[in-house]
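What follows is a set of notes on a single structure, which appears directly below.
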Amino acid sequence: MTANPYAANHLARTLRAGSLGREDALCLDLYDRGKTLTFGALFAMAERYANALVAQGVAPGDRVMVQAEKSVEVLAVYLGAVLAGAAFVPLNTAYTPRELEHFITDADPALVVCDPAGEATIRGLAKGAVLTVAADGTGTLADAVAQAKDGFEAVPRAADDLACILYTSGTTGRSKGAMLTHANLASNAETLREYWHFTSEDTLIHALPIFHAHGLFVAANVSLNAGNAMIFLPKFAPDTILSLMPKATAMMGVPTFYTRLLTHEGLKEASANMRLFVSGSAPLLAETHRGWTAATGHNILERYGMTETAMNTSNPYDGERRPGTVGFPLPGIEVRVTDPESSAPLTAGEIGGIEVRGPNVFKGYWQMPEKTAEEFRADGFFITGDLGTISEDGYVTIVGRSKDLIISGGYNIYPKEIEGLIDDLPGVNESAVFGVPHPDFGEGVVAAVVPKPGSTLDPDAIRSALIGELANFKQPKAVVVLDALPRNTMGKVQKNALRDSYADILKG
Ligand code: MCA
Ligand code: AMP
């Protein structure tokens, strides 16, 4: 038997486990480049990348930040950073320079890898080294790797050393960096691989971005742990996915993937070879779940996770996948529902705050010990901010959120950030940003804006003023100008009333 070259506790050991002795097996089908990569080639590449990172000055414990288009090179930076004992910090490619400034100042990376188009901006913000990589792999990263040595001895790591920091916005203040350890990510990958029956026989359609937990920790980590091939697509494109399904066995996506695919012909024939469709990151409407079953004969498996915890619950592989629910706590993970006021545990069927404890739960927020302490109970349960209920037979259902959050096409958007920018615009007295149903993205962002006395506001001018300030997916899809915001007797803005009044504004 081939020995795993990486030590116990190291995430790299888990990611290598599925391909030991299978050096020549297919790991990545880089569909858009007309190229494939074996497991042996990917891990050789990762070791070379680790040498290149170290040559750039990356030391154990340092942060390696990436804001670049999805590519095998970015995956190799991730693996190289993990091997070098650094923390990998991926960023959404849509973030603007204003948003980037906070991430770079906060994480203080030893190295930033970015798209060539963003290099000048990043150099202006970063203290450490900067390398570039374009979607086709060209750039100064490639030059650095060309000069690096082959072979790398992984830097020893303890189970609770950092492997990644993922930024997640908050209801108040700036984005927080969620610190995920080697043990967090290794345990979640192994649990999901087993629960969802992934083996080296599988081929996963990978069309998610790799700067978030879903595409990186779920799709990529599970596939590497199982040793299955991934068809690695730069982005979601329904026609391409339909044409690839006959070569694949599984796909993971956000609900928008499924609603968009459902409008296409030929799903039944295309999906005949598939064994698993997973959905998560946002609520999957029961109607989409049932529509998919009717169109394909497959029941989508819905699961529930967070950046801070990776995956918490899943519908069963065998057994009833109940539409509108997120299934059972994963093995080794505890989920409870508590009274939001008293924090006392509630019984089956009662609605309260969802709390989670287990090996998947993160170590805390980067350099925010007080914020971390606020989000944990004394007995170690993490307060998710989601509201839900657990049925008599154990299925968890998410019914809402206690946090003021909009989830649009699987991306989280915090109204506070957008309100802050709008409130600073000339002539604006105040604003309220909220989510309403959107046929494609599930929820879409709407801003209600109140002018200062004597001022008039133009909705289009407000939308234009936000371009360049906010990532495109956060831009309000509608702006309404009101004389006053609805408030309750305590003076609190009633976002529910706004949501009800404008429920149809994005449906057209
Ligand atoms: C794109 N646009 C959006 C979104 N995506 N607007 C709102 N919400 C979105 N999610 C807008 C753009 O601003 C642009 O607007 C227009 O749509 C076209 O942009 P494009 O990039 O071409 O869009 P697309 O390729 O069609 O993207 C839609 C998408 C994508 C495929 C659904 O958003 C996506 O890949 N989402 C997945 C997100 C994800 O991985 N989430 C996991 C987070 P304009 O034309 O006006 O400029 S991890 C997580 O949540 C936890 C841990 C979990 O449980 O998984
Ligand atoms: P993020 O902060 O990007 O990690 O998003 C995590 C949030 O996404 C959770 O706290 C939930 O509110 C939401 N979420 C993830 N999966 C699901 C799901 N299957 N159903 C409903 N909400 C979900």
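Going through the structure tokens in order, the chains are called A, B, and so on, while each chain numbers its residues from 1 and the ligands are numbered from 1 in the order shown.
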### Message
Just want the residues within 7 Å of ligand 2, written as a list in words, counting only C-alpha atoms and all ligand atoms.
### Response
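If we count only C-alpha atoms and all ligand atoms, the neighbours of ligand 2 turn out to be Thr168, Ala213, Ser279, Gly280, Ser281, Ala282, Pro283, Leu284, Glu302, Arg303, Tyr304, Gly305, Met306, Thr307, Glu308, Val326, Thr384, Gly385, Asp386, Ile398, Arg401, Ile407, Tyr411 and Asn412 of chain A.
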Export of prior selection with N, CA and C atoms as a tab-separated table (two decimals), in the first residue's frame:
chain	number	residue	atom	x	y	z
A	168	THR	N	-16.42	36.74	6.05
A	168	THR	CA	-17.87	36.70	6.03
A	168	THR	C	-18.35	38.01	6.63
A	213	ALA	N	-16.91	28.62	0.80
A	213	ALA	CA	-16.91	27.29	1.41
A	213	ALA	C	-17.52	26.23	0.50
A	279	SER	N	-27.72	20.52	-3.19
A	279	SER	CA	-27.99	21.96	-3.19
A	279	SER	C	-27.73	22.53	-1.81
A	280	GLY	N	-27.26	23.78	-1.78
A	280	GLY	CA	-27.05	24.45	-0.51
A	280	GLY	C	-26.64	25.89	-0.71
A	281	SER	N	-26.34	26.57	0.38
A	281	SER	CA	-25.93	27.98	0.46
A	281	SER	C	-27.11	28.92	0.57
A	282	ALA	N	-28.29	28.47	0.17
A	282	ALA	CA	-29.51	29.28	0.23
A	282	ALA	C	-30.69	28.31	0.21
A	283	PRO	N	-31.87	28.79	0.62
A	283	PRO	CA	-33.00	27.86	0.66
A	283	PRO	C	-33.40	27.38	-0.73
A	284	LEU	N	-33.59	26.08	-0.86
A	284	LEU	CA	-34.10	25.51	-2.11
A	284	LEU	C	-35.62	25.43	-1.97
A	302	GLU	N	-30.56	18.33	-0.22
A	302	GLU	CA	-30.27	19.66	0.32
A	302	GLU	C	-29.54	19.55	1.65
A	303	ARG	N	-28.54	20.40	1.80
A	303	ARG	CA	-27.75	20.42	3.04
A	303	ARG	C	-27.60	21.86	3.51
A	304	TYR	N	-27.10	22.03	4.73
A	304	TYR	CA	-27.03	23.37	5.34
A	304	TYR	C	-25.66	23.57	5.97
A	305	GLY	N	-25.06	24.73	5.66
A	305	GLY	CA	-23.76	25.03	6.24
A	305	GLY	C	-23.57	26.52	6.40
A	306	MET	N	-22.39	26.86	6.85
A	306	MET	CA	-21.99	28.26	7.02
A	306	MET	C	-20.49	28.35	6.81
A	307	THR	N	-20.02	29.54	6.49
A	307	THR	CA	-18.59	29.74	6.38
A	307	THR	C	-17.90	29.33	7.68
A	308	GLU	N	-18.50	29.69	8.80
A	308	GLU	CA	-17.87	29.44	10.11
A	308	GLU	C	-17.85	27.97	10.51
A	326	VAL	N	-33.45	20.74	5.68
A	326	VAL	CA	-32.02	20.55	5.43
A	326	VAL	C	-31.51	19.26	6.07
A	384	THR	N	-25.70	30.31	15.27
A	384	THR	CA	-25.60	30.51	13.81
A	384	THR	C	-26.28	31.78	13.33
A	385	GLY	N	-27.31	32.26	14.07
A	385	GLY	CA	-28.09	33.40	13.58
A	385	GLY	C	-29.22	32.96	12.66
A	386	ASP	N	-29.32	31.65	12.42
A	386	ASP	CA	-30.44	31.12	11.64
A	386	ASP	C	-31.54	30.68	12.60
A	398	ILE	N	-35.00	25.28	8.23
A	398	ILE	CA	-34.63	26.67	8.48
A	398	ILE	C	-35.85	27.52	8.12
A	401	ARG	N	-34.08	34.00	9.59
A	401	ARG	CA	-32.78	34.40	10.15
A	401	ARG	C	-33.00	35.48	11.18
A	407	ILE	N	-29.66	36.61	1.08
A	407	ILE	CA	-28.86	35.64	0.32
A	407	ILE	C	-29.36	35.67	-1.12
A	411	TYR	N	-24.91	34.12	-2.61
A	411	TYR	CA	-23.98	35.08	-2.00
A	411	TYR	C	-24.67	35.81	-0.85
A	412	ASN	N	-23.94	36.01	0.25
A	412	ASN	CA	-24.50	36.72	1.39
A	412	ASN	C	-24.27	38.22	1.25
### Task
Show me which residues sit within 8 Å of ligand 1 when counting only C-alpha atoms and all ligand atoms, and put them as an MDAnalysis selection string.
chainID A and resid 207:215 218 235:237 253:257 280:282 303:311 407:412 441 443:445 471:475 477
### Task
Once DSSP has gone over the backbone, tell me which residues of segment 353-426 of chain A are in alpha helix (DSSP H), as a PyMOL selection string.
chain A and resi 369-375+415-423
Write the residues of the selection above to a file with all heavy atoms, as a short mmCIF file (atom, residue, chain, number, x, y, z; two decimals), in the first residue's frame.
data_model
loop_
_atom_site.label_atom_id
_atom_site.label_comp_id
_atom_site.auth_asym_id
_atom_site.auth_seq_id
_atom_site.Cartn_x
_atom_site.Cartn_y
_atom_site.Cartn_z
N PRO A 369 -11.39 38.61 19.39
CA PRO A 369 -11.78 37.69 20.48
C PRO A 369 -13.12 38.02 21.11
O PRO A 369 -13.88 37.11 21.45
CB PRO A 369 -10.64 37.85 21.50
CG PRO A 369 -9.86 39.05 21.08
CD PRO A 369 -10.12 39.28 19.63
N GLU A 370 -13.46 39.32 21.21
CA GLU A 370 -14.75 39.66 21.84
C GLU A 370 -15.91 39.21 20.96
O GLU A 370 -16.89 38.66 21.44
CB GLU A 370 -14.89 41.18 22.10
CG GLU A 370 -13.98 41.71 23.20
CD GLU A 370 -12.65 42.16 22.62
OE1 GLU A 370 -12.55 42.32 21.39
OE2 GLU A 370 -11.68 42.31 23.40
N LYS A 371 -15.78 39.48 19.67
CA LYS A 371 -16.84 39.07 18.73
C LYS A 371 -16.98 37.55 18.76
O LYS A 371 -18.10 37.02 18.76
CB LYS A 371 -16.47 39.55 17.32
CG LYS A 371 -17.55 39.36 16.30
CD LYS A 371 -18.62 40.39 16.45
CE LYS A 371 -19.91 39.92 15.80
NZ LYS A 371 -21.11 40.50 16.36
N THR A 372 -15.85 36.85 18.80
CA THR A 372 -15.89 35.39 18.85
C THR A 372 -16.65 34.94 20.10
O THR A 372 -17.54 34.09 20.03
CB THR A 372 -14.46 34.81 18.89
OG1 THR A 372 -13.77 35.28 17.73
CG2 THR A 372 -14.45 33.30 18.91
N ALA A 373 -16.32 35.53 21.24
CA ALA A 373 -16.95 35.13 22.50
C ALA A 373 -18.46 35.35 22.46
O ALA A 373 -19.23 34.53 22.96
CB ALA A 373 -16.33 35.91 23.66
N GLU A 374 -18.89 36.43 21.80
CA GLU A 374 -20.33 36.73 21.73
C GLU A 374 -21.11 35.66 20.96
O GLU A 374 -22.30 35.50 21.16
CB GLU A 374 -20.57 38.03 20.95
CG GLU A 374 -20.40 39.29 21.74
CD GLU A 374 -20.45 40.51 20.81
OE1 GLU A 374 -21.11 40.48 19.75
OE2 GLU A 374 -19.76 41.49 21.16
N GLU A 375 -20.43 35.00 20.04
CA GLU A 375 -21.15 34.08 19.15
C GLU A 375 -21.17 32.64 19.66
O GLU A 375 -21.72 31.75 19.02
CB GLU A 375 -20.52 34.08 17.74
CG GLU A 375 -20.31 35.46 17.16
CD GLU A 375 -21.56 36.06 16.54
OE1 GLU A 375 -22.36 35.32 15.97
OE2 GLU A 375 -21.73 37.30 16.65
N PRO A 415 -27.28 44.14 4.62
CA PRO A 415 -27.88 45.44 4.32
C PRO A 415 -27.10 46.60 4.92
O PRO A 415 -26.97 47.66 4.31
CB PRO A 415 -29.27 45.34 4.95
CG PRO A 415 -29.59 43.88 4.87
CD PRO A 415 -28.28 43.18 5.11
N LYS A 416 -26.57 46.42 6.12
CA LYS A 416 -25.89 47.51 6.83
C LYS A 416 -24.80 48.17 5.97
O LYS A 416 -24.65 49.39 5.97
CB LYS A 416 -25.28 46.91 8.10
CG LYS A 416 -24.64 47.89 9.01
CD LYS A 416 -25.50 48.09 10.25
CE LYS A 416 -24.95 49.23 11.06
NZ LYS A 416 -26.01 49.96 11.73
N GLU A 417 -24.04 47.35 5.26
CA GLU A 417 -22.95 47.89 4.45
C GLU A 417 -23.50 48.79 3.34
O GLU A 417 -22.97 49.89 3.09
CB GLU A 417 -22.16 46.72 3.82
CG GLU A 417 -20.99 47.19 3.00
CD GLU A 417 -20.31 46.09 2.20
OE1 GLU A 417 -20.79 44.94 2.21
OE2 GLU A 417 -19.30 46.41 1.55
N ILE A 418 -24.60 48.36 2.71
CA ILE A 418 -25.16 49.13 1.60
C ILE A 418 -25.83 50.39 2.15
O ILE A 418 -25.70 51.49 1.58
CB ILE A 418 -26.15 48.26 0.79
CG1 ILE A 418 -25.46 46.96 0.38
CG2 ILE A 418 -26.66 49.02 -0.44
CD1 ILE A 418 -26.35 45.95 -0.28
N GLU A 419 -26.53 50.25 3.27
CA GLU A 419 -27.19 51.42 3.88
C GLU A 419 -26.16 52.49 4.23
O GLU A 419 -26.37 53.69 4.01
CB GLU A 419 -27.95 50.99 5.15
CG GLU A 419 -29.21 50.20 4.84
CD GLU A 419 -29.75 49.38 6.01
OE1 GLU A 419 -29.15 49.39 7.11
OE2 GLU A 419 -30.77 48.69 5.82
N GLY A 420 -25.02 52.05 4.76
CA GLY A 420 -23.97 53.00 5.13
C GLY A 420 -23.51 53.82 3.93
O GLY A 420 -23.33 55.04 4.01
N LEU A 421 -23.34 53.15 2.78
CA LEU A 421 -22.89 53.86 1.57
C LEU A 421 -23.98 54.80 1.05
O LEU A 421 -23.69 55.94 0.65
CB LEU A 421 -22.53 52.85 0.48
CG LEU A 421 -21.22 52.09 0.68
CD1 LEU A 421 -21.10 50.96 -0.33
CD2 LEU A 421 -20.04 53.05 0.53
N ILE A 422 -25.23 54.34 1.05
CA ILE A 422 -26.32 55.18 0.54
C ILE A 422 -26.51 56.39 1.44
O ILE A 422 -26.69 57.52 0.97
CB ILE A 422 -27.63 54.37 0.42
CG1 ILE A 422 -27.48 53.26 -0.62
CG2 ILE A 422 -28.81 55.28 0.04
CD1 ILE A 422 -28.69 52.35 -0.78
N ASP A 423 -26.44 56.18 2.75
CA ASP A 423 -26.66 57.29 3.69
C ASP A 423 -25.63 58.40 3.50
O ASP A 423 -25.89 59.56 3.83
CB ASP A 423 -26.63 56.78 5.14
CG ASP A 423 -27.84 55.89 5.45
OD1 ASP A 423 -28.75 55.83 4.61
OD2 ASP A 423 -27.84 55.25 6.52
#
### Task
Can you work out the spacing between atom CA of Ala378 of chain A and atom CA of Gly327 of chain A in Å, to one decimal?
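Spanning atom CA of Ala378 of chain A to atom CA of Gly327 of chain A is a straight-line distance of 26.3 Å.
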At a cut-off of 9 Å, using only C-alpha atoms, what residues contact Tyr195 of chain A? Leave out same-chain residues fewer than 5 positions from it and give the result as a compact mmCIF listing (two decimals) with C-alpha atoms, in the first residue's frame.
# COMPACT_ATOMS: atom_id res chain seq x y z
CA GLU A 190 -14.23 13.02 5.42
CA SER A 314 -27.72 17.06 5.34
CA PRO A 316 -29.94 11.50 3.92
CA TYR A 317 -28.29 9.69 1.03
CA LEU A 330 -24.10 15.20 10.17
CA PRO A 331 -22.35 12.42 12.13
### Query
If we count only C-alpha atoms, what is near Gly57 of chain A at a cut-off of 12 Å, once residues fewer than 3 positions away on the same chain are taken out, given as an MDAnalysis selection string?
chainID A and resid 50:54 60:64 81 84 86 109:112 128:130
### Query
Hey, can you check how far atom CA of Gly151 of chain A sits from atom CA of Gly34 of chain A?
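Between these atoms lies a distance of 26.6 Å.
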### Query
Which residue, A:Asp404, A:Asp424, A:Glu350, A:Asp115, has the smallest gap to Ser391 of chain A when you use only C-alpha atoms?
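Once distances to Ser391 of chain A are computed over only C-alpha atoms, the minimum belongs to A:Glu350.
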### Query
Neighbours of Gly388 of chain A within 9 Å (only C-alpha atoms; same-chain residues fewer than 2 positions away dropped), as a ChimeraX atom specification?
/A:337,350-354,386,390,396-401
With N, CA and C atoms retained, export the selected residues as a JSON list (two decimals), in the first residue's frame.
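out-v4.json written:
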[["chain", "number", "residue", "atom", "x", "y", "z"],
["A", 337, "VAL", "N", -31.92, 23.68, 18.95],
["A", 337, "VAL", "CA", -32.70, 24.90, 18.73],
["A", 337, "VAL", "C", -33.02, 25.47, 20.10],
["A", 350, "GLU", "N", -40.73, 23.34, 17.94],
["A", 350, "GLU", "CA", -40.69, 24.76, 18.34],
["A", 350, "GLU", "C", -39.63, 25.50, 17.53],
["A", 351, "ILE", "N", -39.92, 26.77, 17.22],
["A", 351, "ILE", "CA", -38.98, 27.57, 16.42],
["A", 351, "ILE", "C", -38.07, 28.38, 17.33],
["A", 352, "GLY", "N", -36.78, 28.35, 17.04],
["A", 352, "GLY", "CA", -35.83, 29.13, 17.83],
["A", 352, "GLY", "C", -34.52, 29.29, 17.08],
["A", 353, "GLY", "N", -33.48, 29.70, 17.79],
["A", 353, "GLY", "CA", -32.18, 29.90, 17.17],
["A", 353, "GLY", "C", -31.44, 28.57, 16.99],
["A", 354, "ILE", "N", -30.82, 28.39, 15.82],
["A", 354, "ILE", "CA", -30.07, 27.15, 15.57],
["A", 354, "ILE", "C", -28.65, 27.32, 16.11],
["A", 386, "ASP", "N", -29.32, 31.65, 12.42],
["A", 386, "ASP", "CA", -30.44, 31.12, 11.64],
["A", 386, "ASP", "C", -31.54, 30.68, 12.60],
["A", 390, "ILE", "N", -36.70, 21.61, 14.69],
["A", 390, "ILE", "CA", -36.35, 20.21, 14.43],
["A", 390, "ILE", "C", -37.62, 19.37, 14.63],
["A", 396, "VAL", "N", -34.19, 18.94, 10.31],
["A", 396, "VAL", "CA", -34.03, 20.36, 10.63],
["A", 396, "VAL", "C", -34.62, 21.19, 9.48],
["A", 397, "THR", "N", -35.41, 22.20, 9.84],
["A", 397, "THR", "CA", -35.95, 23.12, 8.83],
["A", 397, "THR", "C", -35.51, 24.53, 9.21],
["A", 398, "ILE", "N", -35.00, 25.28, 8.23],
["A", 398, "ILE", "CA", -34.63, 26.67, 8.48],
["A", 398, "ILE", "C", -35.85, 27.52, 8.12],
["A", 399, "VAL", "N", -36.31, 28.32, 9.06],
["A", 399, "VAL", "CA", -37.52, 29.11, 8.77],
["A", 399, "VAL", "C", -37.22, 30.59, 8.60],
["A", 400, "GLY", "N", -36.03, 31.02, 8.93],
["A", 400, "GLY", "CA", -35.70, 32.44, 8.79],
["A", 400, "GLY", "C", -34.36, 32.73, 9.40],
["A", 401, "ARG", "N", -34.08, 34.00, 9.59],
["A", 401, "ARG", "CA", -32.78, 34.40, 10.15],
["A", 401, "ARG", "C", -33.00, 35.48, 11.18]]
### Task
List every residue of segment 243-363 of chain A that DSSP, applied to the backbone, labels as strand (DSSP E), and write the result as a PyMOL selection string.
chain A and resi 250-253+276-279+301-306+310-314+328-329+334-338+352-357
### Task
Could you tell me which of A:Asp202, A:Glu153, A:Asp393, A:Asp379 comes closest to Tyr6 of chain A if we count only C-alpha atoms?
A:Glu153
Do a neighbour search on Pro246 of chain A at 12 Å with only C-alpha atoms, toss out local chain neighbours closer than 3 positions, and write the hits as an mmCIF file with N, CA and C atoms, in the first residue's frame.
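Generated file (part31.cif):
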data_model
loop_
_atom_site.group_PDB
_atom_site.id
_atom_site.type_symbol
_atom_site.label_atom_id
_atom_site.label_comp_id
_atom_site.auth_asym_id
_atom_site.auth_seq_id
_atom_site.Cartn_x
_atom_site.Cartn_y
_atom_site.Cartn_z
ATOM 1 N N THR A 203 -17.440 11.306 -10.808
ATOM 2 C CA THR A 203 -16.954 12.490 -11.530
ATOM 3 C C THR A 203 -17.886 13.635 -11.168
ATOM 4 N N LEU A 204 -17.319 14.670 -10.558
ATOM 5 C CA LEU A 204 -18.127 15.804 -10.086
ATOM 6 C C LEU A 204 -18.081 16.955 -11.087
ATOM 7 N N ILE A 205 -19.247 17.513 -11.403
ATOM 8 C CA ILE A 205 -19.282 18.756 -12.180
ATOM 9 C C ILE A 205 -19.039 19.889 -11.192
ATOM 10 N N ILE A 231 -14.811 17.816 -13.133
ATOM 11 C CA ILE A 231 -14.820 18.602 -14.366
ATOM 12 C C ILE A 231 -14.876 20.046 -13.891
ATOM 13 N N THR A 240 -23.421 24.044 -21.091
ATOM 14 C CA THR A 240 -22.200 23.240 -20.910
ATOM 15 C C THR A 240 -22.479 22.122 -19.912
ATOM 16 N N ILE A 241 -23.164 22.458 -18.843
ATOM 17 C CA ILE A 241 -23.430 21.447 -17.814
ATOM 18 C C ILE A 241 -24.304 20.324 -18.365
ATOM 19 N N LEU A 242 -25.322 20.694 -19.128
ATOM 20 C CA LEU A 242 -26.176 19.655 -19.724
ATOM 21 C C LEU A 242 -25.362 18.734 -20.623
ATOM 22 N N SER A 243 -24.441 19.326 -21.380
ATOM 23 C CA SER A 243 -23.661 18.496 -22.304
ATOM 24 C C SER A 243 -22.668 17.608 -21.561
ATOM 25 N N THR A 249 -21.148 12.019 -12.586
ATOM 26 C CA THR A 249 -22.047 11.287 -11.685
ATOM 27 C C THR A 249 -22.669 12.202 -10.629
ATOM 28 N N ALA A 250 -22.091 13.385 -10.387
ATOM 29 C CA ALA A 250 -22.580 14.231 -9.292
ATOM 30 C C ALA A 250 -22.384 15.707 -9.634
ATOM 31 N N MET A 251 -23.231 16.535 -9.030
ATOM 32 C CA MET A 251 -23.069 17.986 -9.164
ATOM 33 C C MET A 251 -23.453 18.641 -7.846
ATOM 34 N N GLY A 266 -34.285 18.421 -22.264
ATOM 35 C CA GLY A 266 -33.345 17.304 -22.326
ATOM 36 C C GLY A 266 -32.704 16.936 -20.996
ATOM 37 N N LEU A 267 -33.260 17.444 -19.890
ATOM 38 C CA LEU A 267 -32.647 17.155 -18.581
ATOM 39 C C LEU A 267 -32.700 15.675 -18.236
ATOM 40 N N LYS A 268 -33.806 15.033 -18.566
ATOM 41 C CA LYS A 268 -33.999 13.635 -18.172
ATOM 42 C C LYS A 268 -32.928 12.754 -18.809
ATOM 43 N N GLU A 269 -32.746 12.908 -20.111
ATOM 44 C CA GLU A 269 -31.757 12.079 -20.822
ATOM 45 C C GLU A 269 -30.347 12.426 -20.330
ATOM 46 N N ALA A 270 -30.087 13.733 -20.196
ATOM 47 C CA ALA A 270 -28.736 14.158 -19.809
ATOM 48 C C ALA A 270 -28.357 13.624 -18.433
ATOM 49 N N SER A 271 -29.317 13.520 -17.511
ATOM 50 C CA SER A 271 -28.982 13.183 -16.126
ATOM 51 C C SER A 271 -29.081 11.685 -15.834
ATOM 52 N N ALA A 272 -29.276 10.874 -16.875
ATOM 53 C CA ALA A 272 -29.507 9.441 -16.647
ATOM 54 C C ALA A 272 -28.332 8.775 -15.919
ATOM 55 N N ASN A 273 -27.107 9.267 -16.138
ATOM 56 C CA ASN A 273 -25.913 8.660 -15.529
ATOM 57 C C ASN A 273 -25.583 9.261 -14.167
ATOM 58 N N MET A 274 -26.296 10.322 -13.783
ATOM 59 C CA MET A 274 -25.962 11.026 -12.534
ATOM 60 C C MET A 274 -26.514 10.254 -11.347
ATOM 61 N N ARG A 275 -25.778 10.296 -10.216
ATOM 62 C CA ARG A 275 -26.308 9.634 -9.021
ATOM 63 C C ARG A 275 -26.653 10.630 -7.923
#
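The spacing separating atom CA of Phe152 of chain A from atom CA of Glu201 of chain A amounts to 28.8 Å.
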### Task
Do a neighbour search on Gly468 of chain A at 10 Å with only C-alpha atoms, toss out local chain neighbours closer than 2 positions, and write the hits as a ChimeraX atom specification.
/A:95-99,464-466,470-472,475
### Task
Have a look at A:Arg174, A:Lys363, A:Arg48, A:Arg357 and name the one nearest to Leu162 of chain A; count only C-alpha atoms.
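Among the listed residues, A:Lys363 lies closest to Leu162 of chain A.
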